[in-house]
$ cat model01.cif   # mmCIF, C-alpha atoms
data_entry
loop_
_atom_site.label_atom_id
_atom_site.label_comp_id
_atom_site.auth_asym_id
_atom_site.auth_seq_id
_atom_site.Cartn_x
_atom_site.Cartn_y
_atom_site.Cartn_z
CA MET A 1 0.00 0.00 0.00
CA ASP A 2 2.87 2.38 0.79
CA ALA A 3 5.13 1.29 -2.06
CA LEU A 4 6.67 4.01 -4.18
CA VAL A 5 7.05 3.82 -7.94
CA GLU A 6 9.46 5.18 -10.49
CA PRO A 7 8.23 8.57 -11.71
CA THR A 8 6.91 8.68 -15.25
CA VAL A 9 9.40 10.36 -17.55
CA GLU A 10 7.89 12.15 -20.53
CA PRO A 11 9.44 14.72 -22.88
CA ILE A 12 8.52 18.27 -21.90
CA THR A 13 9.16 21.26 -24.12
CA TYR A 14 8.41 24.65 -22.59
CA GLU A 15 7.88 27.29 -25.25
CA THR A 16 8.78 30.10 -22.83
CA ASP A 17 10.70 30.68 -19.64
CA GLU A 18 8.09 33.28 -18.65
CA PRO A 19 4.64 31.67 -18.64
CA VAL A 20 3.44 34.54 -16.43
CA LEU A 21 4.41 38.20 -16.73
CA TYR A 22 4.30 40.62 -13.82
CA ARG A 23 4.38 44.39 -13.84
CA THR A 24 3.37 47.20 -11.54
CA GLU A 25 1.57 50.44 -12.30
CA GLY A 26 1.62 52.53 -9.16
CA PRO A 27 -0.44 50.67 -6.52
CA VAL A 28 -1.70 48.01 -8.96
CA GLY A 29 0.05 44.73 -9.72
CA TRP A 30 -0.69 43.19 -13.12
CA ILE A 31 -0.33 39.40 -13.43
CA MET A 32 -0.61 38.31 -17.06
CA LEU A 33 -0.78 34.74 -18.34
CA ASN A 34 1.74 34.28 -21.13
CA ARG A 35 1.14 31.11 -23.19
CA PRO A 36 -0.87 32.67 -26.02
CA ALA A 37 0.10 30.00 -28.55
CA PHE A 38 -1.80 27.50 -26.39
CA HIS A 39 -4.56 29.86 -25.26
CA HIS A 40 -2.91 30.11 -21.83
CA ALA A 41 -3.42 26.45 -20.97
CA GLN A 42 -2.27 25.92 -17.39
CA ASN A 43 0.64 23.55 -16.95
CA GLY A 44 2.64 23.19 -13.75
CA GLN A 45 5.23 25.70 -14.92
CA MET A 46 2.55 28.35 -15.37
CA THR A 47 0.72 27.52 -12.14
CA TYR A 48 3.79 27.87 -9.96
CA ALA A 49 4.75 31.05 -11.82
CA LEU A 50 1.26 32.37 -11.00
CA ASP A 51 1.80 31.57 -7.36
CA ALA A 52 5.13 33.37 -7.38
CA ALA A 53 3.47 36.44 -8.90
CA PHE A 54 0.66 36.48 -6.33
CA GLU A 55 3.24 36.10 -3.56
CA ARG A 56 5.26 38.96 -5.01
CA ALA A 57 2.19 41.19 -5.02
CA ALA A 58 1.29 40.16 -1.48
CA ALA A 59 4.76 41.03 -0.17
CA ASP A 60 4.97 44.45 -1.86
CA ASP A 61 3.52 47.12 0.45
CA ALA A 62 3.20 49.49 -2.50
CA ILE A 63 0.68 47.15 -4.17
CA LYS A 64 -2.92 47.46 -2.99
CA VAL A 65 -4.88 45.78 -5.81
CA VAL A 66 -4.00 42.91 -8.16
CA VAL A 67 -5.27 42.34 -11.72
CA LEU A 68 -5.17 38.86 -13.27
CA GLY A 69 -5.37 38.84 -17.05
CA ALA A 70 -3.97 37.34 -20.22
CA GLY A 71 -2.66 38.65 -23.49
CA GLY A 72 -4.06 37.70 -26.87
CA LYS A 73 -7.40 36.31 -27.93
CA HIS A 74 -8.39 34.27 -24.86
CA PHE A 75 -8.17 34.35 -21.08
CA SER A 76 -7.54 30.62 -20.55
CA ALA A 77 -8.49 27.35 -22.22
CA GLY A 78 -8.11 25.56 -18.88
CA HIS A 79 -5.71 22.92 -17.66
CA ASP A 80 -3.03 21.74 -20.03
CA ILE A 81 -4.07 18.32 -21.32
CA GLY A 82 -2.11 18.20 -24.54
CA THR A 83 0.61 20.78 -25.28
CA PRO A 84 4.36 20.00 -25.56
CA GLY A 85 4.70 21.70 -22.16
CA ARG A 86 2.30 19.40 -20.33
CA ASP A 87 4.21 18.45 -17.18
CA ILE A 88 1.60 16.52 -15.22
CA HIS A 89 4.04 13.80 -14.09
CA ALA A 90 7.00 16.05 -13.29
CA PRO A 91 7.81 16.65 -9.62
CA ALA A 92 7.22 20.20 -8.49
CA ALA A 93 10.39 22.21 -8.07
CA GLN A 94 8.92 23.86 -4.97
CA ARG A 95 5.57 22.75 -3.55
CA ARG A 96 3.49 25.53 -1.99
CA THR A 97 1.29 23.49 0.34
CA LEU A 98 2.21 20.65 2.69
CA TRP A 99 1.03 17.90 0.38
CA TYR A 100 3.81 15.45 -0.46
CA ASP A 101 5.28 14.90 -3.92
CA HIS A 102 2.96 13.11 -6.32
CA SER A 103 5.40 11.92 -8.96
CA ASN A 104 6.54 8.69 -7.23
CA LYS A 105 3.14 7.64 -5.88
CA PRO A 106 1.13 4.72 -7.31
CA GLY A 107 -2.34 4.67 -8.81
CA ALA A 108 -4.95 7.25 -7.88
CA GLU A 109 -2.72 8.62 -5.10
CA ARG A 110 -0.54 10.35 -7.67
CA THR A 111 -3.33 12.40 -9.23
CA TYR A 112 -4.96 13.08 -5.86
CA ALA A 113 -1.77 14.45 -4.30
CA ARG A 114 -0.94 16.58 -7.33
CA GLU A 115 -4.37 18.16 -7.56
CA GLN A 116 -4.59 18.82 -3.83
CA GLU A 117 -1.48 20.92 -4.30
CA ILE A 118 -1.61 22.51 -7.71
CA TYR A 119 -5.34 23.01 -8.22
CA LEU A 120 -7.36 23.04 -5.02
CA GLY A 121 -4.58 24.15 -2.66
CA LEU A 122 -3.17 26.94 -4.78
CA CYS A 123 -6.58 28.29 -5.79
CA ARG A 124 -7.58 28.55 -2.14
CA ARG A 125 -4.27 30.23 -1.36
CA TRP A 126 -4.88 32.84 -4.06
CA ARG A 127 -8.46 33.46 -2.92
CA ASP A 128 -7.08 34.29 0.53
CA LEU A 129 -4.73 37.00 -0.73
CA PRO A 130 -5.61 39.96 1.55
CA LYS A 131 -5.57 42.40 -1.36
CA PRO A 132 -8.49 42.79 -3.78
CA THR A 133 -8.13 40.95 -7.07
CA ILE A 134 -9.82 41.59 -10.42
CA ALA A 135 -10.03 39.00 -13.20
CA MET A 136 -9.86 40.63 -16.63
CA VAL A 137 -11.45 38.10 -18.98
CA GLN A 138 -11.63 38.12 -22.76
CA GLY A 139 -12.48 35.31 -25.15
CA ALA A 140 -12.52 31.80 -23.70
CA CYS A 141 -12.63 31.13 -19.97
CA ILE A 142 -12.95 27.35 -19.88
CA ALA A 143 -12.79 24.77 -17.06
CA GLY A 144 -9.49 25.56 -15.27
CA GLY A 145 -9.87 29.11 -16.58
CA LEU A 146 -13.02 29.40 -14.47
CA MET A 147 -10.96 28.50 -11.42
CA LEU A 148 -8.60 31.39 -12.04
CA ALA A 149 -11.44 33.86 -12.54
CA TRP A 150 -13.46 32.57 -9.59
CA VAL A 151 -10.68 33.03 -7.04
CA CYS A 152 -10.70 36.74 -7.87
CA ASP A 153 -12.95 39.19 -6.03
CA LEU A 154 -14.32 40.88 -9.15
CA ILE A 155 -14.65 39.68 -12.75
CA VAL A 156 -14.75 42.14 -15.64
CA ALA A 157 -15.38 40.57 -19.04
CA SER A 158 -15.24 41.75 -22.61
CA ASP A 159 -18.39 41.45 -24.67
CA ASP A 160 -16.86 38.53 -26.60
CA ALA A 161 -15.98 36.51 -23.48
CA PHE A 162 -17.63 33.21 -22.66
CA PHE A 163 -17.52 30.80 -19.72
CA GLN A 164 -17.69 27.02 -19.94
CA ASP A 165 -17.04 23.83 -17.97
CA PRO A 166 -17.36 20.86 -20.36
CA VAL A 167 -15.55 18.26 -18.23
CA VAL A 168 -18.63 16.09 -17.63
CA LYS A 169 -17.65 14.67 -21.04
CA MET A 170 -14.64 13.24 -19.20
CA GLY A 171 -16.93 11.61 -16.64
CA ILE A 172 -15.90 14.25 -14.09
CA PRO A 173 -18.40 16.42 -12.14
CA GLY A 174 -16.77 19.79 -12.71
CA VAL A 175 -13.34 21.26 -12.12
CA GLU A 176 -11.41 20.82 -8.86
CA TYR A 177 -12.16 24.26 -7.40
CA PHE A 178 -15.88 23.54 -7.44
CA ALA A 179 -17.51 26.94 -6.92
CA HIS A 180 -20.28 26.47 -9.49
CA GLY A 181 -23.17 26.49 -7.01
CA TYR A 182 -21.87 29.65 -5.35
CA GLU A 183 -21.08 31.56 -8.53
CA LEU A 184 -24.40 30.63 -10.16
CA PRO A 185 -27.94 29.64 -9.14
CA PRO A 186 -28.07 25.84 -8.68
CA ARG A 187 -30.15 25.10 -11.78
CA VAL A 188 -27.87 27.25 -13.91
CA ALA A 189 -24.83 25.50 -12.43
CA LYS A 190 -26.38 22.18 -13.45
CA GLU A 191 -27.04 23.55 -16.93
CA MET A 192 -23.44 24.70 -17.29
CA LEU A 193 -22.17 21.24 -16.32
CA LEU A 194 -24.74 18.92 -17.86
CA LEU A 195 -24.91 20.67 -21.24
CA GLY A 196 -21.33 21.90 -21.33
CA GLU A 197 -22.35 24.90 -23.39
CA ARG A 198 -20.74 28.30 -23.58
CA MET A 199 -22.24 30.96 -21.33
CA PRO A 200 -21.92 34.40 -22.95
CA ALA A 201 -20.53 37.23 -20.85
CA GLU A 202 -23.84 39.09 -20.89
CA ARG A 203 -25.71 36.14 -19.36
CA ALA A 204 -22.97 35.68 -16.76
CA TYR A 205 -23.42 39.36 -15.88
CA GLN A 206 -27.20 39.00 -15.57
CA LEU A 207 -26.69 36.07 -13.18
CA GLY A 208 -24.20 37.95 -11.03
CA MET A 209 -21.11 35.91 -11.86
CA VAL A 210 -19.55 38.85 -13.72
CA ASN A 211 -19.43 42.40 -12.38
CA ARG A 212 -19.20 44.30 -15.65
CA VAL A 213 -19.21 43.62 -19.39
CA VAL A 214 -17.47 46.09 -21.67
CA LEU A 215 -16.31 46.31 -25.28
CA ARG A 216 -13.09 44.42 -25.91
CA ASP A 217 -11.15 47.59 -26.67
CA ALA A 218 -12.33 49.13 -23.39
CA LEU A 219 -11.54 46.14 -21.16
CA GLU A 220 -8.11 47.07 -19.88
CA GLY A 221 -9.06 50.71 -19.33
CA GLU A 222 -12.16 49.74 -17.34
CA VAL A 223 -10.18 47.35 -15.15
CA ARG A 224 -7.43 49.90 -14.61
CA ALA A 225 -9.94 52.54 -13.50
CA MET A 226 -11.61 50.11 -11.07
CA ALA A 227 -8.26 49.00 -9.63
CA GLU A 228 -7.03 52.54 -9.15
CA LYS A 229 -10.28 53.54 -7.46
CA MET A 230 -10.03 50.65 -4.99
CA ALA A 231 -6.35 51.41 -4.40
CA GLY A 232 -7.38 54.78 -2.95
CA LEU A 233 -9.02 53.04 0.03
CA PRO A 234 -7.21 52.07 3.26
CA ARG A 235 -5.22 48.85 3.02
CA MET A 236 -6.65 47.25 6.16
CA ALA A 237 -10.22 48.16 5.17
CA LEU A 238 -9.71 46.43 1.83
CA ALA A 239 -8.44 43.28 3.53
CA LEU A 240 -11.20 43.17 6.13
CA THR A 241 -13.95 43.81 3.59
CA LYS A 242 -12.68 41.01 1.38
CA GLN A 243 -12.49 38.65 4.36
CA ALA A 244 -15.99 39.61 5.50
CA VAL A 245 -17.64 38.66 2.21
CA ASN A 246 -15.52 35.52 1.87
CA HIS A 247 -16.79 34.49 5.31
CA VAL A 248 -20.35 34.73 3.99
CA GLU A 249 -19.52 32.11 1.36
CA ASP A 250 -17.65 29.93 3.82
CA ALA A 251 -20.48 30.08 6.35
CA ALA A 252 -22.77 28.89 3.55
CA GLY A 253 -20.62 25.79 3.20
CA LYS A 254 -18.42 26.68 0.24
CA ARG A 255 -15.27 25.03 1.59
CA THR A 256 -17.11 21.92 2.78
CA VAL A 257 -18.89 21.49 -0.56
CA MET A 258 -15.63 21.98 -2.42
CA ASP A 259 -13.92 19.27 -0.34
CA ALA A 260 -16.77 16.85 -0.99
CA VAL A 261 -16.83 17.44 -4.74
CA PHE A 262 -13.04 17.22 -4.94
CA HIS A 263 -13.35 13.65 -3.69
CA MET A 264 -16.11 12.92 -6.22
CA HIS A 265 -13.79 14.36 -8.86
CA HIS A 266 -11.07 11.90 -7.90
CA PHE A 267 -13.43 8.97 -7.69
CA ALA A 268 -14.28 9.82 -11.31
CA HIS A 269 -10.60 9.91 -12.29
CA ALA A 270 -10.09 6.51 -10.66
CA GLN A 271 -13.17 5.09 -12.38
CA ASN A 272 -11.84 6.30 -15.72
CA ASP A 273 -8.49 4.64 -15.04
CA LEU A 274 -10.14 1.35 -14.11
CA VAL A 275 -12.60 1.24 -17.00
CA MET A 276 -10.73 3.01 -19.79
CA GLY A 277 -7.10 3.00 -18.68
CA ASP A 278 -6.95 6.78 -18.73
CA GLY A 279 -7.97 9.30 -16.06
CA LEU A 280 -9.43 11.67 -18.65
CA ALA A 281 -11.48 8.95 -20.35
CA GLY A 282 -9.45 9.23 -23.53
CA ASN A 283 -10.12 12.91 -24.04
CA THR A 284 -7.48 15.25 -25.44
CA GLY A 285 -7.20 18.97 -25.81
CA ARG A 286 -8.44 18.65 -29.39
CA SER A 287 -11.45 16.49 -28.56
CA MET A 288 -12.47 18.79 -25.73
CA ALA A 289 -12.14 21.84 -27.98
CA ASP A 290 -14.32 20.14 -30.57
CA ARG A 291 -16.86 19.30 -27.87
CA GLY A 292 -16.78 22.90 -26.61
CA ARG A 293 -17.72 24.26 -30.01
CA GLY A 294 -20.67 21.91 -30.29
#

$ encode --input "model01.cif" --output "structure tokens"
Amino acid sequence: MDALVEPTVEPITYETDEPVLYRTEGPVGWIMLNRPAFHHAQNGQMTYALDAAFERAAADDAIKVVVLGAGGKHFSAGHDIGTPGRDIHAPAAQRRTLWYDHSNKPGAERTYAREQEIYLGLCRRWRDLPKPTIAMVQGACIAGGLMLAWVCDLIVASDDAFFQDPVVKMGIPGVEYFAHGYELPPRVAKEMLLLGERMPAERAYQLGMVNRVVLRDALEGEVRAMAEKMAGLPRMALALTKQAVNHVEDAAGKRTVMDAVFHMHHFAHAQNDLVMGDGLAGNTGRSMADRGRG
């Protein structure tokens, strides 16, 4: 039961040494995803670079508000399930939670340990940043992309943005950071998952998941104005206000629900492995993209 295994060795080709860019503009830190050739698919390299950027913003007393965005056509196509930089089996250079290394663990334990760290653990860590965060979303915000947007305090979307979680096709009940029933009314959350269809930005705004929808050309300016306005408020008041509203969600069971669904998620991975020999039920980035357009 406690046996270790040889880590899986697969070729990994990173197309950039900077999968996340960070800059400051006065009191605002700008964290920008930087894998545009792959629609900002999130591999381990990018996820740990994201964490480093959030930590940098947290430690800088001059920064009062953080913007999370992405260059190019899309915000994020989700988790990396098929680029040359997919590094799912590689050990983490520096783990950020206390979960142990996944790469030498057998069976379902490997995936469970990795996703406790890199998906659920890091997303919760970013949500707890005591500085307000704004997600600046254009184009596709799919599956793991939802997780990045949902950890932010505000979401501003361009009029061409859409939101989607099609992973039920994989036999999985939604992404690891399962906030669907808190971001959306329950029946709409079921619709998003069971149909896997794209939700336009305007509908997301009407349902309260998105704070504002603006023209694509106006997106960055709108976000900058909001961030600068918030940055004029007292630092401690910003932190306490954010914590207060987060407590509302937590008191309504958000963390408990997320833990429960995370375990359902991993039961589904294990079922896929047992029945089909693959935790993603044979799906690839291409097949999921084709499904998402349907």

$ resolve_selection --input "model01.cif" --expression "the PyMOL selection byres ((chain A and resi 54) around 9)" --output "list in words"
Gly29, Ile31, Ala49, Leu50, Asp51, Ala52, Ala53, Glu55, Arg56, Ala57, Ala58, Ala59, Val66, Trp126 and Leu129 of chain A

$ closest_residue --input "model01.cif" --among "A:Gly26, A:Gly181, A:Gly171, A:Pro11" --to "Gly279 (chain A)" --atoms "all atoms listed in the file"
A:Gly171

$ axis_aligned_box --input "model01.cif" --around "region 69-80 of chain A" --padding-each-side "8 Å" --output "lines of an AutoDock Vina configuration file"
center_x = -5.6
center_y = 30.3
center_z = -22.5
size_x = 21.8
size_y = 33.1
size_z = 26.9

$ closest_residue --input "model01.cif" --among "A:Lys169, A:Arg216, A:Arg86, A:His263" --to "Gln116 (chain A)" --atoms "all atoms listed in the file"
A:His263

$ residues_near_point --input "model01.cif" --point "(-9.1, 42.7, 2.3)" --cutoff "10 Å" --atoms "only C-alpha atoms" --output "PyMOL selection string"
chain A and resi 64-65+128-133+153+234-246

$ atom_distance --input "model01.cif" --atom1 "CA of Ala90 (chain A)" --atom2 "CA of Pro7 (chain A)"
7.7 Å

$ residues_around --input "model01.cif" --residues "region 269-277 of chain A" --least-positions-apart "4" --cutoff "8 Å" --atoms "all atoms listed in the file" --output "PDB file with C-alpha atoms, in the frame of the given file"
ATOM      1  CA  ALA A 108      -4.950   7.250  -7.880  1.00  0.00           C
ATOM      2  CA  GLY A 171     -16.930  11.610 -16.640  1.00  0.00           C
ATOM      3  CA  ILE A 172     -15.900  14.250 -14.090  1.00  0.00           C
ATOM      4  CA  HIS A 265     -13.790  14.360  -8.860  1.00  0.00           C
ATOM      5  CA  ALA A 281     -11.480   8.950 -20.350  1.00  0.00           C
ATOM      6  CA  GLY A 282      -9.450   9.230 -23.530  1.00  0.00           C
TER       7      GLY A 282
END

$ resolve_selection --input "model01.cif" --expression "the PyMOL selection byres ((chain A and resi 47) around 9)" --output "PyMOL selection string"
chain A and resi 19-20+42-46+48-52+118-119+122

$ resolve_selection --input "model01.cif" --expression "the PyMOL selection byres ((chain A and resi 218) around 12)" --output "list of chain:residue names"
A:Met136, A:Val137, A:Gln138, A:Val156, A:Ala157, A:Ser158, A:Asp159, A:Asp160, A:Arg212, A:Val213, A:Val214, A:Leu215, A:Arg216, A:Asp217, A:Leu219, A:Glu220, A:Gly221, A:Glu222, A:Val223, A:Arg224, A:Ala225

$ write_last_selection --input "model01.cif" --atoms "C-alpha atoms" --output "short mmCIF file (atom, residue, chain, number, x, y, z; two decimals), in the coordinates of the input"
data_model
loop_
_atom_site.label_atom_id
_atom_site.label_comp_id
_atom_site.auth_asym_id
_atom_site.auth_seq_id
_atom_site.Cartn_x
_atom_site.Cartn_y
_atom_site.Cartn_z
CA MET A 136 -9.86 40.63 -16.63
CA VAL A 137 -11.45 38.10 -18.98
CA GLN A 138 -11.63 38.12 -22.76
CA VAL A 156 -14.75 42.14 -15.64
CA ALA A 157 -15.38 40.57 -19.04
CA SER A 158 -15.24 41.75 -22.61
CA ASP A 159 -18.39 41.45 -24.67
CA ASP A 160 -16.86 38.53 -26.60
CA ARG A 212 -19.20 44.30 -15.65
CA VAL A 213 -19.21 43.62 -19.39
CA VAL A 214 -17.47 46.09 -21.67
CA LEU A 215 -16.31 46.31 -25.28
CA ARG A 216 -13.09 44.42 -25.91
CA ASP A 217 -11.15 47.59 -26.67
CA LEU A 219 -11.54 46.14 -21.16
CA GLU A 220 -8.11 47.07 -19.88
CA GLY A 221 -9.06 50.71 -19.33
CA GLU A 222 -12.16 49.74 -17.34
CA VAL A 223 -10.18 47.35 -15.15
CA ARG A 224 -7.43 49.90 -14.61
CA ALA A 225 -9.94 52.54 -13.50
#

$ atom_distance --input "model01.cif" --atom1 "CA of Gly107 (chain A)" --atom2 "CA of Asp259 (chain A)"
20.5 Å

$ closest_residue --input "model01.cif" --among "A:Ile155, A:Leu207, A:Leu146, A:Leu33" --to "Pro186 (chain A)" --atoms "all atoms listed in the file"
A:Leu207

$ residues_around --input "model01.cif" --residues "Met1 (chain A)" --least-positions-apart "3" --cutoff "12 Å" --atoms "only C-alpha atoms" --output "PDB file with C-alpha atoms, keeping the file's coordinate frame"
ATOM      1  CA  LEU A   4       6.670   4.010  -4.180  1.00  0.00           C
ATOM      2  CA  VAL A   5       7.050   3.820  -7.940  1.00  0.00           C
ATOM      3  CA  LYS A 105       3.140   7.640  -5.880  1.00  0.00           C
ATOM      4  CA  PRO A 106       1.130   4.720  -7.310  1.00  0.00           C
ATOM      5  CA  GLY A 107      -2.340   4.670  -8.810  1.00  0.00           C
ATOM      6  CA  ALA A 108      -4.950   7.250  -7.880  1.00  0.00           C
ATOM      7  CA  GLU A 109      -2.720   8.620  -5.100  1.00  0.00           C
TER       8      GLU A 109
END

$ closest_residue --input "model01.cif" --among "A:Val67, A:Ala92, A:Pro185, A:Asp101" --to "Glu25 (chain A)" --atoms "all atoms listed in the file"
A:Val67

$ residues_around --input "model01.cif" --residues "region 161-164 of chain A" --least-positions-apart "3" --cutoff "8 Å" --atoms "all atoms listed in the file" --output "list in words"
Val137, Gln138, Gly139, Ala140, Cys141, Ile142, Ala143, Leu146, Ala157, Ser158, Met192, Gly196, Glu197, Arg198, Met199, Pro200, Ala201, Ala204 and Gly292 of chain A

$ decode --input "model01.cif" --residues "region 80-89 of chain A" --atoms "all heavy atoms" --output "PDB file, in the first residue's frame"
ATOM      1  N   ASP A  80      -3.780  22.246 -18.890  1.00  0.00           N
ATOM      2  CA  ASP A  80      -3.026  21.735 -20.035  1.00  0.00           C
ATOM      3  C   ASP A  80      -3.204  20.217 -20.114  1.00  0.00           C
ATOM      4  O   ASP A  80      -2.707  19.481 -19.261  1.00  0.00           O
ATOM      5  CB  ASP A  80      -1.554  22.086 -19.860  1.00  0.00           C
ATOM      6  CG  ASP A  80      -0.716  21.744 -21.083  1.00  0.00           C
ATOM      7  OD1 ASP A  80      -1.172  20.942 -21.911  1.00  0.00           O
ATOM      8  OD2 ASP A  80       0.396  22.277 -21.188  1.00  0.00           O
ATOM      9  N   ILE A  81      -3.915  19.758 -21.142  1.00  0.00           N
ATOM     10  CA  ILE A  81      -4.072  18.319 -21.318  1.00  0.00           C
ATOM     11  C   ILE A  81      -3.528  17.859 -22.667  1.00  0.00           C
ATOM     12  O   ILE A  81      -3.888  16.790 -23.144  1.00  0.00           O
ATOM     13  CB  ILE A  81      -5.546  17.882 -21.156  1.00  0.00           C
ATOM     14  CG1 ILE A  81      -6.462  18.557 -22.181  1.00  0.00           C
ATOM     15  CG2 ILE A  81      -6.031  18.153 -19.753  1.00  0.00           C
ATOM     16  CD1 ILE A  81      -7.884  18.000 -22.181  1.00  0.00           C
ATOM     17  N   GLY A  82      -2.609  18.674 -23.255  1.00  0.00           N
ATOM     18  CA  GLY A  82      -2.113  18.201 -24.538  1.00  0.00           C
ATOM     19  C   GLY A  82      -1.064  19.030 -25.243  1.00  0.00           C
ATOM     20  O   GLY A  82      -0.792  18.783 -26.414  1.00  0.00           O
ATOM     21  N   THR A  83      -0.417  20.007 -24.597  1.00  0.00           N
ATOM     22  CA  THR A  83       0.613  20.778 -25.283  1.00  0.00           C
ATOM     23  C   THR A  83       1.981  20.127 -25.045  1.00  0.00           C
ATOM     24  O   THR A  83       2.135  19.280 -24.171  1.00  0.00           O
ATOM     25  CB  THR A  83       0.661  22.237 -24.784  1.00  0.00           C
ATOM     26  OG1 THR A  83       1.425  22.299 -23.560  1.00  0.00           O
ATOM     27  CG2 THR A  83      -0.733  22.792 -24.545  1.00  0.00           C
ATOM     28  N   PRO A  84       3.009  20.537 -25.803  1.00  0.00           N
ATOM     29  CA  PRO A  84       4.359  19.998 -25.560  1.00  0.00           C
ATOM     30  C   PRO A  84       4.877  20.324 -24.158  1.00  0.00           C
ATOM     31  O   PRO A  84       5.795  19.656 -23.671  1.00  0.00           O
ATOM     32  CB  PRO A  84       5.205  20.685 -26.635  1.00  0.00           C
ATOM     33  CG  PRO A  84       4.243  21.029 -27.718  1.00  0.00           C
ATOM     34  CD  PRO A  84       2.967  21.377 -27.019  1.00  0.00           C
ATOM     35  N   GLY A  85       4.285  21.326 -23.503  1.00  0.00           N
ATOM     36  CA  GLY A  85       4.703  21.703 -22.162  1.00  0.00           C
ATOM     37  C   GLY A  85       3.890  21.060 -21.047  1.00  0.00           C
ATOM     38  O   GLY A  85       4.011  21.457 -19.886  1.00  0.00           O
ATOM     39  N   ARG A  86       3.080  20.083 -21.372  1.00  0.00           N
ATOM     40  CA  ARG A  86       2.299  19.397 -20.332  1.00  0.00           C
ATOM     41  C   ARG A  86       3.265  18.651 -19.406  1.00  0.00           C
ATOM     42  O   ARG A  86       4.018  17.784 -19.833  1.00  0.00           O
ATOM     43  CB  ARG A  86       1.316  18.412 -20.967  1.00  0.00           C
ATOM     44  CG  ARG A  86       0.355  17.800 -19.957  1.00  0.00           C
ATOM     45  CD  ARG A  86      -0.562  16.794 -20.618  1.00  0.00           C
ATOM     46  NE  ARG A  86      -1.599  16.333 -19.697  1.00  0.00           N
ATOM     47  CZ  ARG A  86      -2.019  15.072 -19.621  1.00  0.00           C
ATOM     48  NH1 ARG A  86      -1.488  14.148 -20.405  1.00  0.00           N
ATOM     49  NH2 ARG A  86      -2.962  14.741 -18.769  1.00  0.00           N
ATOM     50  N   ASP A  87       3.233  18.989 -18.141  1.00  0.00           N
ATOM     51  CA  ASP A  87       4.211  18.455 -17.182  1.00  0.00           C
ATOM     52  C   ASP A  87       3.528  17.802 -15.980  1.00  0.00           C
ATOM     53  O   ASP A  87       3.982  17.915 -14.847  1.00  0.00           O
ATOM     54  CB  ASP A  87       5.162  19.565 -16.712  1.00  0.00           C
ATOM     55  CG  ASP A  87       4.423  20.808 -16.231  1.00  0.00           C
ATOM     56  OD1 ASP A  87       3.186  20.762 -16.080  1.00  0.00           O
ATOM     57  OD2 ASP A  87       5.083  21.843 -16.006  1.00  0.00           O
ATOM     58  N   ILE A  88       2.436  17.087 -16.267  1.00  0.00           N
ATOM     59  CA  ILE A  88       1.598  16.516 -15.224  1.00  0.00           C
ATOM     60  C   ILE A  88       2.338  15.533 -14.330  1.00  0.00           C
ATOM     61  O   ILE A  88       2.044  15.406 -13.141  1.00  0.00           O
ATOM     62  CB  ILE A  88       0.356  15.854 -15.857  1.00  0.00           C
ATOM     63  CG1 ILE A  88      -0.616  15.364 -14.790  1.00  0.00           C
ATOM     64  CG2 ILE A  88       0.745  14.735 -16.804  1.00  0.00           C
ATOM     65  CD1 ILE A  88      -1.927  14.865 -15.350  1.00  0.00           C
ATOM     66  N   HIS A  89       3.338  14.829 -14.872  1.00  0.00           N
ATOM     67  CA  HIS A  89       4.035  13.805 -14.095  1.00  0.00           C
ATOM     68  C   HIS A  89       5.323  14.323 -13.453  1.00  0.00           C
ATOM     69  O   HIS A  89       5.939  13.613 -12.655  1.00  0.00           O
ATOM     70  CB  HIS A  89       4.356  12.597 -14.968  1.00  0.00           C
ATOM     71  CG  HIS A  89       3.134  11.921 -15.509  1.00  0.00           C
ATOM     72  ND1 HIS A  89       2.128  11.457 -14.696  1.00  0.00           N
ATOM     73  CD2 HIS A  89       2.762  11.636 -16.785  1.00  0.00           C
ATOM     74  CE1 HIS A  89       1.181  10.905 -15.444  1.00  0.00           C
ATOM     75  NE2 HIS A  89       1.530  11.015 -16.707  1.00  0.00           N
TER      76      HIS A  89
END
